[in-house]
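Step one of this worksheet: look at the structure below.
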Amino acid sequence: MREKIKLDRDWWFHKGDFTEDFPNKKSPAYLSAKTERALWGPAWKNYDVKAFRADMWKKVDLPHDYVIKETPDEKYNEALGFFPYHNAWYIKKFTLEPSDRDRRITLFFEGVATHATVYVNGCLMKHNFCGYTSFEVDITDVVCCDAENTVAVYVNTEHHEGWWYEGGGIYRHVWLVKTDLLSVDLWGVFAKPVTAADGSWTVKTETTVRNDSARRKSVTVVGEILDSDGNAVARSHASGLVREKDKKLFSYSFDVSAPNLWSPDTPVQYTMRTHVFNGKKETDCYDVKFGFRSVTVDSKKGLFINGKHYKIKGLCGHADCGLTGKAVPDNIHRYKVELMKQMGANGYRTTHYPQAEALMDALDENGFIVMDETRWFESTDEGKAQLEMLMKRDRNRPSVIFWSIGNEEPHHATEVGLKITQTLMAYARRLDDSRFITSAVTHSPDKATVFDELEVPGINYRWETYTAVHEKYPEKAIVSSENCATGTTRGWYADDDPKKAFLPAYDRDTNNQFKSREYTWKYIAERDWMLGGFQWIAFEHRGEATWPRLCSQSGAIDLFLQKKDAFYQNKSHWTDEPMVHLLPHWNFRGMEGEPIKVFAYTNVSRLELFLNGKSLGEKNIEPYGHGEWTVPYEAGKIDVLAYDGERVVAHDSRVTAGEPKKLKLTLDSKDIHANGEDIAIVSCYTTDADGNEVHTATPEVTFFTNTLGSIYSTGSDITDHTTLFSSTRKMRAGRIGVAVKLGATAGTLKVYAQSEGLETAVLSVDIEN
């Protein structure tokens with residue numbers, strides 16, 4: 001039967017190619033000459049290939065990103081985060097059981113950045129040429145069941161695929177997978193629910209069974225559909241012969257009456273459990289989740305799921321995290337989805353590549369509407385293979401409504417682009433004909449050749465072309481595949497500062513294409529023929545930066561997972577529960593009498609602002625608008641009240657805080673366990689003598705923990721070039737984000753924050769396994 005073993009612990013890591021730094025010395029730790037010859041490539045001839053200096057290597061756990069540990073420098077590429085990119089090696093030793101001799105053995109890599117070459121026991125087994133695709137390596141023929149095995153991975157970061165921070169290393173999980181020689185293929189089950197007019201459902205199912213034995217096999221595939229409680233609601237089967245060393249596709253269907261439906265409001269999933277039998281012997285059992293939902297796109301009325309209308313309130317997102325780099329723990333992926341949901345988002349675009357399975361799982365579980373995007377817009381074998389990987393992995397996911405086959409490609413407006421699109425769409429439909437195919441077009445959308453073929457035209461920015469495209473294709477609904485991109489710097493309420501590359505925190509139009517959040521959502525909300533949009537971007541990300549700033553500023557959440565004012569503005573557009581958010585802070589000592597621009601983001605129709613108890617006037621707020629006042633600065637307190645009729649339904653305030661007196665710590669991410677993998681996100685701030693948060697505080701703070709955890713990283717100022725992994729950090733704009741790595745022991749984790757002249761903060765958190 002199937003075993004899937006996480007192979008993330010205790011890898012040996014070395015940064016470099018060994019063309020210069022490989023020592024001509026003996027050492028107690030060494031590999032076989034055959035293995036080293038394969039590992040080092042042509043360089044092996046110049047050195048004593050038996051030498052393996054342990055002090056050149058260090059042990060690391062996966063996921064691992066080694067580029068993020070470099071020091072940023074202005075001389076390096078700004079699009080890639082101002083980091084130097086080097087090549088590197090990873091080595092892992094593992095053993096198998098004697099009983100594994102007659103099994104299929106594979107390694108499954110969820111992601112390696114960027115180009116990867118995999119060796120096992122000295123044999124070159126696999127090249128992978130994309131830093132965003134998952135891949136399997138069949139090592140059955142070269143592994144030993146009676147001796148130690150060695151896997152080595154060479155990572156080449158010289159070839160960049162994007163204009164963002166790409167990182168380097170084995171940045172997602174690695175799995176050792178053991179199966180019978182008769183088993184379900186990788187991503188080999190596709191469950192496609194189809195509804196009839198009477199409301200009944202048929203689940204058309206395809207299962208690919210592989211026979212890795214030297215003899216043909218008689219196979220019976222038995223499928224069960226399980227509800228969330230594990231109860232079987234339907235069964236079906238198919239039988240046939242599978243030739244030796246071959247694969248066979250089995251097709252069968254299930255009838256299901258009145259299933260619970262998946263939607264953004266009720267994200268219910270079922271499990272398709274597939275059993276493979278050879279005679280009476282069960283050789284494999286394979287589970288995959290899926291959901292029942294009907295999706296309709298109407299060119300006049302928009303998107304409907306199970307007959308209910310949804311406007312896509314979407315966000316784009318890169319796969320990294322500011323506090324970890326490219327190597328993001330599963331619980332942080334889940335936390336990122338939680339933050340987006342708090343913001344009111346119901347959509348996510350995987351810009352611009354397949355993203356982590358843990359993130360995709362969380363999107364399914366939280367009812368997001370997903371545009372799933374491939375990396376390369378190519379009809380080459382490699383381009384089609386990348387699309388196939390994405391679609392086979394994700395085609396059971398109920399959250400995935402759209403496949404995106406490209407982003408901002410110049411060929412979107414050429415005959416070449418049309419031909420590539422036709423090829424990719426035909427290929428995609430063979431893999432899954434139940435979802436809509438789009439592409440994100442920014443080069444002359446009104447002249448885009450690809451829109452002749454695409455089922456849903458996607459437009460990035462280019463507001464002046466939407467009407468023309470709609471009039472040209474009145475039978476097609478349009479999605480704003482990317483929009484906004486207005487940069488704001490957390491806590492910065494002055495004009496642009498070129499020296500720091502800071503941008504005002506107030507919403508505004510950056511230019512004719514990077515429109516304000518307010519303009520963007522009003523435009524989308526007013527047009528029924530628009531399905532919705534995906535805002536650039538959920539989280540600030542490294543790269544696309546201007547020195548000394550290390551990241552883009554378009555995120556609604558900052559690089560270190562602190563909520564920006566834009567987070568609350570999105571919430572005012574995308575949620576119904578009455579709310580109001582006031583900006584800026586009210587600490588402007590020395591600026592008495594100076595005019596201060598005051599904004600209030602709200603989803604309520606009437607606001608009133610007060611300064612030290614005196615009304616500064618009411619504002620009627622149009623849908624998706626905001627309140628705005630110019631207030632001569634006076635220390636004290638500003639309040640905003642939101643009215644429904646004469647009833648106050650929401651309020652917010654800012655006070656002039658005194659000098660910082662105490663440090664405070666709060667636990668932001670609650671989904672944490674003592675498993676040696678999870679990271680807890682903690683925020684540090686200060687309060688004055690009266691307990692008011694000091695939004696302008698700038699102390700230098702040192703963090704430490706008890707033995708149940710360790711300080712992994714800290715961050716506050718996006719122009720701070722100190723290593724991310726320092727436990728001491730200078731605070732900017734009153735906040736520091738802290739990542740705490742948990743150990744494997746349950747108990748009470750304690751996190752401490754200390755700064756000269758301030759009262760120490762202690763955070764106690766009970767952690768279970």
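In the structure tokens, the first chain shown is A, the next is B, and so on; residue numbers restart at 1 for each chain, and ligands run from 1 in the order shown.
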
**Message:** Which residues are near Asp298 (chain A)? Cut-off 8 Å, only C-alpha atoms, ignore same chain within fewer than 3 positions. Put them as a PyMOL selection string.
**Reply:** chain A and resi 301-304+476-477+529

Determine, counting only C-alpha atoms, which protein, DNA and RNA residues have an atom within 12 Å of an atom of Phe704 (chain A); residues of the same chain fewer than 4 positions away are not included. Present the result as a PDB file with all heavy atoms, in the first residue's frame.
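Generated output (selection30.pdb):
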ATOM      1  N   LEU A 708      11.043  26.292  24.083  1.00  0.00           N
ATOM      2  CA  LEU A 708      10.022  25.712  23.207  1.00  0.00           C
ATOM      3  C   LEU A 708       9.976  26.368  21.828  1.00  0.00           C
ATOM      4  O   LEU A 708       9.190  25.954  20.963  1.00  0.00           O
ATOM      5  CB  LEU A 708       8.643  25.818  23.856  1.00  0.00           C
ATOM      6  CG  LEU A 708       8.463  25.074  25.179  1.00  0.00           C
ATOM      7  CD1 LEU A 708       6.995  25.045  25.582  1.00  0.00           C
ATOM      8  CD2 LEU A 708       8.998  23.651  25.080  1.00  0.00           C
ATOM      9  N   GLY A 709      10.800  27.374  21.621  1.00  0.00           N
ATOM     10  CA  GLY A 709      10.826  28.030  20.322  1.00  0.00           C
ATOM     11  C   GLY A 709      12.120  28.786  20.142  1.00  0.00           C
ATOM     12  O   GLY A 709      13.025  28.735  20.987  1.00  0.00           O
ATOM     13  N   SER A 710      12.220  29.495  19.032  1.00  0.00           N
ATOM     14  CA  SER A 710      13.388  30.334  18.767  1.00  0.00           C
ATOM     15  C   SER A 710      12.965  31.463  17.848  1.00  0.00           C
ATOM     16  O   SER A 710      12.015  31.331  17.064  1.00  0.00           O
ATOM     17  CB  SER A 710      14.519  29.525  18.124  1.00  0.00           C
ATOM     18  OG  SER A 710      14.104  28.971  16.889  1.00  0.00           O
ATOM     19  N   ILE A 711      13.653  32.589  17.940  1.00  0.00           N
ATOM     20  CA  ILE A 711      13.364  33.711  17.054  1.00  0.00           C
ATOM     21  C   ILE A 711      13.915  33.368  15.676  1.00  0.00           C
ATOM     22  O   ILE A 711      15.114  33.171  15.494  1.00  0.00           O
ATOM     23  CB  ILE A 711      13.992  35.015  17.576  1.00  0.00           C
ATOM     24  CG1 ILE A 711      13.452  35.336  18.970  1.00  0.00           C
ATOM     25  CG2 ILE A 711      13.696  36.154  16.605  1.00  0.00           C
ATOM     26  CD1 ILE A 711      11.949  35.509  19.048  1.00  0.00           C
ATOM     27  N   TYR A 712      13.011  33.283  14.710  1.00  0.00           N
ATOM     28  CA  TYR A 712      13.406  32.931  13.345  1.00  0.00           C
ATOM     29  C   TYR A 712      13.797  34.173  12.550  1.00  0.00           C
ATOM     30  O   TYR A 712      14.834  34.200  11.888  1.00  0.00           O
ATOM     31  CB  TYR A 712      12.261  32.193  12.664  1.00  0.00           C
ATOM     32  CG  TYR A 712      12.590  31.699  11.278  1.00  0.00           C
ATOM     33  CD1 TYR A 712      13.317  30.538  11.097  1.00  0.00           C
ATOM     34  CD2 TYR A 712      12.153  32.396  10.146  1.00  0.00           C
ATOM     35  CE1 TYR A 712      13.624  30.079   9.821  1.00  0.00           C
ATOM     36  CE2 TYR A 712      12.452  31.950   8.877  1.00  0.00           C
ATOM     37  CZ  TYR A 712      13.185  30.788   8.714  1.00  0.00           C
ATOM     38  OH  TYR A 712      13.494  30.339   7.447  1.00  0.00           O
ATOM     39  N   SER A 713      12.956  35.212  12.621  1.00  0.00           N
ATOM     40  CA  SER A 713      13.238  36.428  11.874  1.00  0.00           C
ATOM     41  C   SER A 713      12.439  37.582  12.465  1.00  0.00           C
ATOM     42  O   SER A 713      11.488  37.382  13.224  1.00  0.00           O
ATOM     43  CB  SER A 713      12.894  36.261  10.394  1.00  0.00           C
ATOM     44  OG  SER A 713      11.506  36.049  10.228  1.00  0.00           O
ATOM     45  N   THR A 714      12.846  38.793  12.092  1.00  0.00           N
ATOM     46  CA  THR A 714      12.140  40.004  12.521  1.00  0.00           C
ATOM     47  C   THR A 714      12.159  40.998  11.369  1.00  0.00           C
ATOM     48  O   THR A 714      13.039  40.957  10.505  1.00  0.00           O
ATOM     49  CB  THR A 714      12.811  40.651  13.741  1.00  0.00           C
ATOM     50  OG1 THR A 714      14.161  40.999  13.399  1.00  0.00           O
ATOM     51  CG2 THR A 714      12.824  39.714  14.940  1.00  0.00           C
ATOM     52  N   SER A 726      18.008  38.570  12.197  1.00  0.00           N
ATOM     53  CA  SER A 726      18.497  39.165  13.438  1.00  0.00           C
ATOM     54  C   SER A 726      17.379  39.170  14.480  1.00  0.00           C
ATOM     55  O   SER A 726      16.222  39.456  14.163  1.00  0.00           O
ATOM     56  CB  SER A 726      18.975  40.596  13.188  1.00  0.00           C
ATOM     57  OG  SER A 726      19.285  41.234  14.410  1.00  0.00           O
ATOM     58  N   SER A 727      17.731  38.886  15.723  1.00  0.00           N
ATOM     59  CA  SER A 727      16.742  38.922  16.809  1.00  0.00           C
ATOM     60  C   SER A 727      16.619  40.305  17.426  1.00  0.00           C
ATOM     61  O   SER A 727      15.817  40.511  18.334  1.00  0.00           O
ATOM     62  CB  SER A 727      17.121  37.913  17.892  1.00  0.00           C
ATOM     63  OG  SER A 727      18.410  38.202  18.410  1.00  0.00           O
ATOM     64  N   THR A 728      17.399  41.275  16.927  1.00  0.00           N
ATOM     65  CA  THR A 728      17.294  42.665  17.355  1.00  0.00           C
ATOM     66  C   THR A 728      16.873  43.510  16.167  1.00  0.00           C
ATOM     67  O   THR A 728      17.427  43.383  15.078  1.00  0.00           O
ATOM     68  CB  THR A 728      18.639  43.171  17.910  1.00  0.00           C
ATOM     69  OG1 THR A 728      18.994  42.411  19.061  1.00  0.00           O
ATOM     70  CG2 THR A 728      18.552  44.644  18.292  1.00  0.00           C
ATOM     71  N   ARG A 729      15.874  44.360  16.372  1.00  0.00           N
ATOM     72  CA  ARG A 729      15.320  45.095  15.239  1.00  0.00           C
ATOM     73  C   ARG A 729      14.925  46.499  15.668  1.00  0.00           C
ATOM     74  O   ARG A 729      14.327  46.709  16.714  1.00  0.00           O
ATOM     75  CB  ARG A 729      14.080  44.360  14.712  1.00  0.00           C
ATOM     76  CG  ARG A 729      13.441  44.975  13.475  1.00  0.00           C
ATOM     77  CD  ARG A 729      14.316  44.849  12.251  1.00  0.00           C
ATOM     78  NE  ARG A 729      14.712  43.465  12.022  1.00  0.00           N
ATOM     79  CZ  ARG A 729      15.600  43.092  11.117  1.00  0.00           C
ATOM     80  NH1 ARG A 729      16.191  44.001  10.367  1.00  0.00           N
ATOM     81  NH2 ARG A 729      15.919  41.821  10.972  1.00  0.00           N
ATOM     82  N   VAL A 738       7.405  39.647  14.060  1.00  0.00           N
ATOM     83  CA  VAL A 738       8.358  38.668  14.588  1.00  0.00           C
ATOM     84  C   VAL A 738       7.878  37.267  14.203  1.00  0.00           C
ATOM     85  O   VAL A 738       6.715  36.918  14.418  1.00  0.00           O
ATOM     86  CB  VAL A 738       8.476  38.766  16.120  1.00  0.00           C
ATOM     87  CG1 VAL A 738       9.536  37.799  16.650  1.00  0.00           C
ATOM     88  CG2 VAL A 738       8.790  40.195  16.543  1.00  0.00           C
ATOM     89  N   ALA A 739       8.778  36.475  13.637  1.00  0.00           N
ATOM     90  CA  ALA A 739       8.480  35.075  13.322  1.00  0.00           C
ATOM     91  C   ALA A 739       9.183  34.191  14.347  1.00  0.00           C
ATOM     92  O   ALA A 739      10.406  34.278  14.520  1.00  0.00           O
ATOM     93  CB  ALA A 739       8.945  34.723  11.912  1.00  0.00           C
ATOM     94  N   VAL A 740       8.410  33.359  15.035  1.00  0.00           N
ATOM     95  CA  VAL A 740       8.940  32.476  16.067  1.00  0.00           C
ATOM     96  C   VAL A 740       8.815  31.034  15.580  1.00  0.00           C
ATOM     97  O   VAL A 740       7.697  30.546  15.343  1.00  0.00           O
ATOM     98  CB  VAL A 740       8.189  32.655  17.398  1.00  0.00           C
ATOM     99  CG1 VAL A 740       8.752  31.708  18.458  1.00  0.00           C
ATOM    100  CG2 VAL A 740       8.276  34.109  17.866  1.00  0.00           C
ATOM    101  N   LYS A 741       9.935  30.361  15.436  1.00  0.00           N
ATOM    102  CA  LYS A 741       9.929  28.964  15.001  1.00  0.00           C
ATOM    103  C   LYS A 741       9.660  28.068  16.204  1.00  0.00           C
ATOM    104  O   LYS A 741      10.312  28.183  17.255  1.00  0.00           O
ATOM    105  CB  LYS A 741      11.285  28.596  14.380  1.00  0.00           C
ATOM    106  CG  LYS A 741      11.397  27.180  13.829  1.00  0.00           C
ATOM    107  CD  LYS A 741      10.592  27.014  12.572  1.00  0.00           C
ATOM    108  CE  LYS A 741      10.789  25.627  11.956  1.00  0.00           C
ATOM    109  NZ  LYS A 741      12.126  25.496  11.326  1.00  0.00           N
ATOM    110  N   LEU A 749       4.924  28.228  25.434  1.00  0.00           N
ATOM    111  CA  LEU A 749       5.953  29.019  24.774  1.00  0.00           C
ATOM    112  C   LEU A 749       5.955  30.415  25.381  1.00  0.00           C
ATOM    113  O   LEU A 749       4.897  31.010  25.595  1.00  0.00           O
ATOM    114  CB  LEU A 749       5.657  29.109  23.278  1.00  0.00           C
ATOM    115  CG  LEU A 749       6.482  30.118  22.474  1.00  0.00           C
ATOM    116  CD1 LEU A 749       7.912  29.627  22.306  1.00  0.00           C
ATOM    117  CD2 LEU A 749       5.843  30.379  21.104  1.00  0.00           C
ATOM    118  N   LYS A 750       7.141  30.931  25.646  1.00  0.00           N
ATOM    119  CA  LYS A 750       7.274  32.302  26.131  1.00  0.00           C
ATOM    120  C   LYS A 750       8.151  33.094  25.160  1.00  0.00           C
ATOM    121  O   LYS A 750       9.237  32.637  24.774  1.00  0.00           O
ATOM    122  CB  LYS A 750       7.876  32.341  27.540  1.00  0.00           C
ATOM    123  CG  LYS A 750       6.906  31.855  28.631  1.00  0.00           C
ATOM    124  CD  LYS A 750       7.490  32.040  30.014  1.00  0.00           C
ATOM    125  CE  LYS A 750       6.496  31.606  31.089  1.00  0.00           C
ATOM    126  NZ  LYS A 750       5.352  32.554  31.165  1.00  0.00           N
ATOM    127  N   VAL A 751       7.642  34.247  24.771  1.00  0.00           N
ATOM    128  CA  VAL A 751       8.370  35.164  23.890  1.00  0.00           C
ATOM    129  C   VAL A 751       8.597  36.454  24.665  1.00  0.00           C
ATOM    130  O   VAL A 751       7.670  36.979  25.298  1.00  0.00           O
ATOM    131  CB  VAL A 751       7.580  35.447  22.603  1.00  0.00           C
ATOM    132  CG1 VAL A 751       8.381  36.349  21.675  1.00  0.00           C
ATOM    133  CG2 VAL A 751       7.198  34.152  21.895  1.00  0.00           C
ATOM    134  N   TYR A 752       9.836  36.967  24.612  1.00  0.00           N
ATOM    135  CA  TYR A 752      10.211  38.165  25.366  1.00  0.00           C
ATOM    136  C   TYR A 752      10.664  39.261  24.406  1.00  0.00           C
ATOM    137  O   TYR A 752      11.293  38.992  23.372  1.00  0.00           O
ATOM    138  CB  TYR A 752      11.358  37.852  26.329  1.00  0.00           C
ATOM    139  CG  TYR A 752      11.072  36.738  27.300  1.00  0.00           C
ATOM    140  CD1 TYR A 752      11.345  35.408  26.956  1.00  0.00           C
ATOM    141  CD2 TYR A 752      10.534  36.989  28.555  1.00  0.00           C
ATOM    142  CE1 TYR A 752      11.093  34.371  27.847  1.00  0.00           C
ATOM    143  CE2 TYR A 752      10.274  35.963  29.451  1.00  0.00           C
ATOM    144  CZ  TYR A 752      10.554  34.657  29.085  1.00  0.00           C
ATOM    145  OH  TYR A 752      10.304  33.622  29.968  1.00  0.00           O
ATOM    146  N   ALA A 753      10.334  40.499  24.756  1.00  0.00           N
ATOM    147  CA  ALA A 753      10.810  41.669  24.017  1.00  0.00           C
ATOM    148  C   ALA A 753      11.395  42.653  25.010  1.00  0.00           C
ATOM    149  O   ALA A 753      10.743  43.005  26.007  1.00  0.00           O
ATOM    150  CB  ALA A 753       9.661  42.311  23.236  1.00  0.00           C
ATOM    151  N   GLN A 754      12.627  43.111  24.745  1.00  0.00           N
ATOM    152  CA  GLN A 754      13.309  44.030  25.648  1.00  0.00           C
ATOM    153  C   GLN A 754      13.886  45.208  24.877  1.00  0.00           C
ATOM    154  O   GLN A 754      14.335  45.056  23.731  1.00  0.00           O
ATOM    155  CB  GLN A 754      14.452  43.312  26.386  1.00  0.00           C
ATOM    156  CG  GLN A 754      13.991  42.286  27.390  1.00  0.00           C
ATOM    157  CD  GLN A 754      15.153  41.669  28.164  1.00  0.00           C
ATOM    158  OE1 GLN A 754      16.289  41.673  27.697  1.00  0.00           O
ATOM    159  NE2 GLN A 754      14.864  41.131  29.338  1.00  0.00           N
ATOM    160  N   SER A 755      13.834  46.389  25.505  1.00  0.00           N
ATOM    161  CA  SER A 755      14.440  47.577  24.938  1.00  0.00           C
ATOM    162  C   SER A 755      14.814  48.513  26.073  1.00  0.00           C
ATOM    163  O   SER A 755      14.079  48.622  27.067  1.00  0.00           O
ATOM    164  CB  SER A 755      13.465  48.275  23.986  1.00  0.00           C
ATOM    165  OG  SER A 755      14.060  49.414  23.396  1.00  0.00           O
ATOM    166  N   THR A 760       9.699  45.470  29.813  1.00  0.00           N
ATOM    167  CA  THR A 760       9.780  44.248  29.011  1.00  0.00           C
ATOM    168  C   THR A 760       8.398  43.645  28.797  1.00  0.00           C
ATOM    169  O   THR A 760       7.541  43.678  29.679  1.00  0.00           O
ATOM    170  CB  THR A 760      10.686  43.218  29.710  1.00  0.00           C
ATOM    171  OG1 THR A 760      12.012  43.757  29.770  1.00  0.00           O
ATOM    172  CG2 THR A 760      10.707  41.892  28.987  1.00  0.00           C
ATOM    173  N   ALA A 761       8.189  43.088  27.609  1.00  0.00           N
ATOM    174  CA  ALA A 761       6.935  42.388  27.294  1.00  0.00           C
ATOM    175  C   ALA A 761       7.183  40.897  27.320  1.00  0.00           C
ATOM    176  O   ALA A 761       8.231  40.408  26.865  1.00  0.00           O
ATOM    177  CB  ALA A 761       6.421  42.797  25.927  1.00  0.00           C
ATOM    178  N   VAL A 762       6.211  40.156  27.847  1.00  0.00           N
ATOM    179  CA  VAL A 762       6.264  38.693  27.879  1.00  0.00           C
ATOM    180  C   VAL A 762       4.951  38.161  27.307  1.00  0.00           C
ATOM    181  O   VAL A 762       3.872  38.542  27.755  1.00  0.00           O
ATOM    182  CB  VAL A 762       6.464  38.159  29.311  1.00  0.00           C
ATOM    183  CG1 VAL A 762       6.562  36.633  29.285  1.00  0.00           C
ATOM    184  CG2 VAL A 762       7.702  38.774  29.954  1.00  0.00           C
ATOM    185  N   LEU A 763       5.070  37.298  26.318  1.00  0.00           N
ATOM    186  CA  LEU A 763       3.904  36.655  25.715  1.00  0.00           C
ATOM    187  C   LEU A 763       3.953  35.166  26.019  1.00  0.00           C
ATOM    188  O   LEU A 763       4.953  34.504  25.744  1.00  0.00           O
ATOM    189  CB  LEU A 763       3.903  36.869  24.198  1.00  0.00           C
ATOM    190  CG  LEU A 763       2.807  36.164  23.401  1.00  0.00           C
ATOM    191  CD1 LEU A 763       1.437  36.746  23.738  1.00  0.00           C
ATOM    192  CD2 LEU A 763       3.080  36.257  21.902  1.00  0.00           C
TER     193      LEU A 763
END

**Request:** Compare A:Thr698, A:Thr374, A:Gln513, A:Ser716 by their minimum atom-to-atom distance to Arg393 (chain A), counting only C-alpha atoms, and give me the closest one.
**Result:**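 Closest to Arg393 (chain A) of all the choices is A:Thr374.
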
**Message:** Can you tell me which residues surround Pro578 (chain A) at a distance of at most 7 Å, considering only C-alpha atoms, apart from same-chain residues fewer than 4 positions away, and format the answer as a list in words?
**Reply:**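 Once the adjacent positions are removed, what remains is Asn603, Val604, Val649 and Ala650 of chain A.
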
Export, as a compact mmCIF listing (two decimals), in the first residue's frame, the selected residues with N, CA and C atoms.
# COMPACT_ATOMS: atom_id res chain seq x y z
N ASN A 603 -18.05 51.45 5.10
CA ASN A 603 -19.13 50.92 4.26
C ASN A 603 -20.49 51.45 4.74
N VAL A 604 -20.46 52.55 5.50
CA VAL A 604 -21.66 53.19 6.04
C VAL A 604 -21.86 54.53 5.31
N VAL A 649 -23.36 53.03 14.33
CA VAL A 649 -23.14 51.59 14.07
C VAL A 649 -21.67 51.21 14.02
N ALA A 650 -20.79 52.21 13.99
CA ALA A 650 -19.35 51.93 14.01
C ALA A 650 -18.62 53.20 14.38

**Nearest to His673 (chain A) by atom-to-atom distance, counting only C-alpha atoms, from A:Val765, A:Val118, A:Leu80, A:Ala733** =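 Nearest candidate to His673 (chain A) out of A:Val765, A:Val118, A:Leu80, A:Ala733: A:Val765.
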
**Message:** Could you go through region 342-517 of chain A and tell me which residues DSSP, when run on the backbone, assigns to strand (DSSP E or B), listing them as a ChimeraX atom specification?
**Reply:** /A:347-349,369-373,400-407,436-441,456-460,478-484,497,502

Closest pair table for region 138-245 of chain A residues within 12 Å of region 428-433 of chain A, only C-alpha atoms, as a tab-separated table:
residue	atom	partner	partner_atom	distance
A:Trp187	CA	A:Leu431	CA	11.6
A:Gly188	CA	A:Leu431	CA	11.3
A:Val189	CA	A:Leu431	CA	11.5
A:Phe190	CA	A:Asp432	CA	8.8
A:Ala191	CA	A:Asp432	CA	10.3
A:Lys192	CA	A:Asp432	CA	8.7
A:Pro193	CA	A:Asp433	CA	11.8
A:Val194	CA	A:Asp433	CA	11.5
A:Lys204	CA	A:Asp432	CA	11.6
A:Thr205	CA	A:Asp432	CA	11.6
A:Glu206	CA	A:Leu431	CA	10.6

Restricting it to N, CA and C atoms, dump the selection as a PDB file, in the first residue's frame.
ATOM      1  N   TRP A 187      -1.273  12.367  -9.484  1.00  0.00           N
ATOM      2  CA  TRP A 187      -2.445  13.172  -9.827  1.00  0.00           C
ATOM      3  C   TRP A 187      -3.364  12.386 -10.776  1.00  0.00           C
ATOM      4  N   GLY A 188      -3.498  11.089 -10.501  1.00  0.00           N
ATOM      5  CA  GLY A 188      -4.133  10.196 -11.457  1.00  0.00           C
ATOM      6  C   GLY A 188      -5.628  10.056 -11.333  1.00  0.00           C
ATOM      7  N   VAL A 189      -6.271  10.777 -10.426  1.00  0.00           N
ATOM      8  CA  VAL A 189      -7.728  10.702 -10.287  1.00  0.00           C
ATOM      9  C   VAL A 189      -8.332  12.072 -10.593  1.00  0.00           C
ATOM     10  N   PHE A 190      -9.317  12.077 -11.495  1.00  0.00           N
ATOM     11  CA  PHE A 190     -10.039  13.305 -11.842  1.00  0.00           C
ATOM     12  C   PHE A 190     -11.521  13.050 -11.634  1.00  0.00           C
ATOM     13  N   ALA A 191     -12.106  13.743 -10.653  1.00  0.00           N
ATOM     14  CA  ALA A 191     -13.534  13.629 -10.348  1.00  0.00           C
ATOM     15  C   ALA A 191     -14.232  14.889 -10.850  1.00  0.00           C
ATOM     16  N   LYS A 192     -15.134  14.703 -11.817  1.00  0.00           N
ATOM     17  CA  LYS A 192     -15.799  15.849 -12.444  1.00  0.00           C
ATOM     18  C   LYS A 192     -17.308  15.771 -12.206  1.00  0.00           C
ATOM     19  N   PRO A 193     -17.824  16.495 -11.205  1.00  0.00           N
ATOM     20  CA  PRO A 193     -19.271  16.487 -10.952  1.00  0.00           C
ATOM     21  C   PRO A 193     -20.025  17.255 -12.035  1.00  0.00           C
ATOM     22  N   VAL A 194     -21.115  16.671 -12.515  1.00  0.00           N
ATOM     23  CA  VAL A 194     -21.954  17.302 -13.530  1.00  0.00           C
ATOM     24  C   VAL A 194     -23.398  17.245 -13.030  1.00  0.00           C
ATOM     25  N   LYS A 204     -18.416  12.138 -13.087  1.00  0.00           N
ATOM     26  CA  LYS A 204     -17.642  11.440 -14.106  1.00  0.00           C
ATOM     27  C   LYS A 204     -16.194  11.379 -13.643  1.00  0.00           C
ATOM     28  N   THR A 205     -15.674  10.168 -13.554  1.00  0.00           N
ATOM     29  CA  THR A 205     -14.370   9.983 -12.911  1.00  0.00           C
ATOM     30  C   THR A 205     -13.409   9.257 -13.843  1.00  0.00           C
ATOM     31  N   GLU A 206     -12.184   9.735 -13.857  1.00  0.00           N
ATOM     32  CA  GLU A 206     -11.108   9.090 -14.601  1.00  0.00           C
ATOM     33  C   GLU A 206      -9.979   8.763 -13.638  1.00  0.00           C
TER      34      GLU A 206
END

**Message:** Applying 9 Å and only C-alpha atoms, which residues near region 92-99 of chain A remain after dropping the ones on its own chain fewer than 5 positions away? List them as a list in words.
**Reply:** Leu7, Arg9, Asp10, Trp11, Trp12, Val143, Cys144, Cys145, Asp146, Ala147, Glu148, Asn149, Thr150, Val151, Ala152 and Val153 of chain A

Write a file of the selected residues as a compact mmCIF listing (two decimals), in the first residue's frame, keeping C-alpha atoms.
# COMPACT_ATOMS: atom_id res chain seq x y z
CA LEU A 7 11.77 14.04 3.58
CA ARG A 9 14.80 17.00 7.78
CA ASP A 10 18.59 16.90 7.85
CA TRP A 11 19.73 17.83 4.37
CA TRP A 12 23.35 18.80 3.84
CA VAL A 143 17.86 2.68 -5.10
CA CYS A 144 19.24 0.08 -2.71
CA CYS A 145 17.19 -1.68 -0.07
CA ASP A 146 20.24 -3.11 1.71
CA ALA A 147 22.45 0.01 1.81
CA GLU A 148 22.27 3.74 2.36
CA ASN A 149 21.05 5.86 -0.56
CA THR A 150 22.16 9.36 -1.48
CA VAL A 151 20.07 11.97 -3.27
CA ALA A 152 21.79 15.15 -4.41
CA VAL A 153 20.14 18.21 -5.91

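Proximity to Lys313 (chain A) was assessed for A:Asn156, A:Ser228, A:Asn483, A:Thr686 counting only C-alpha atoms; the smallest distance is recorded for A:Asn483.
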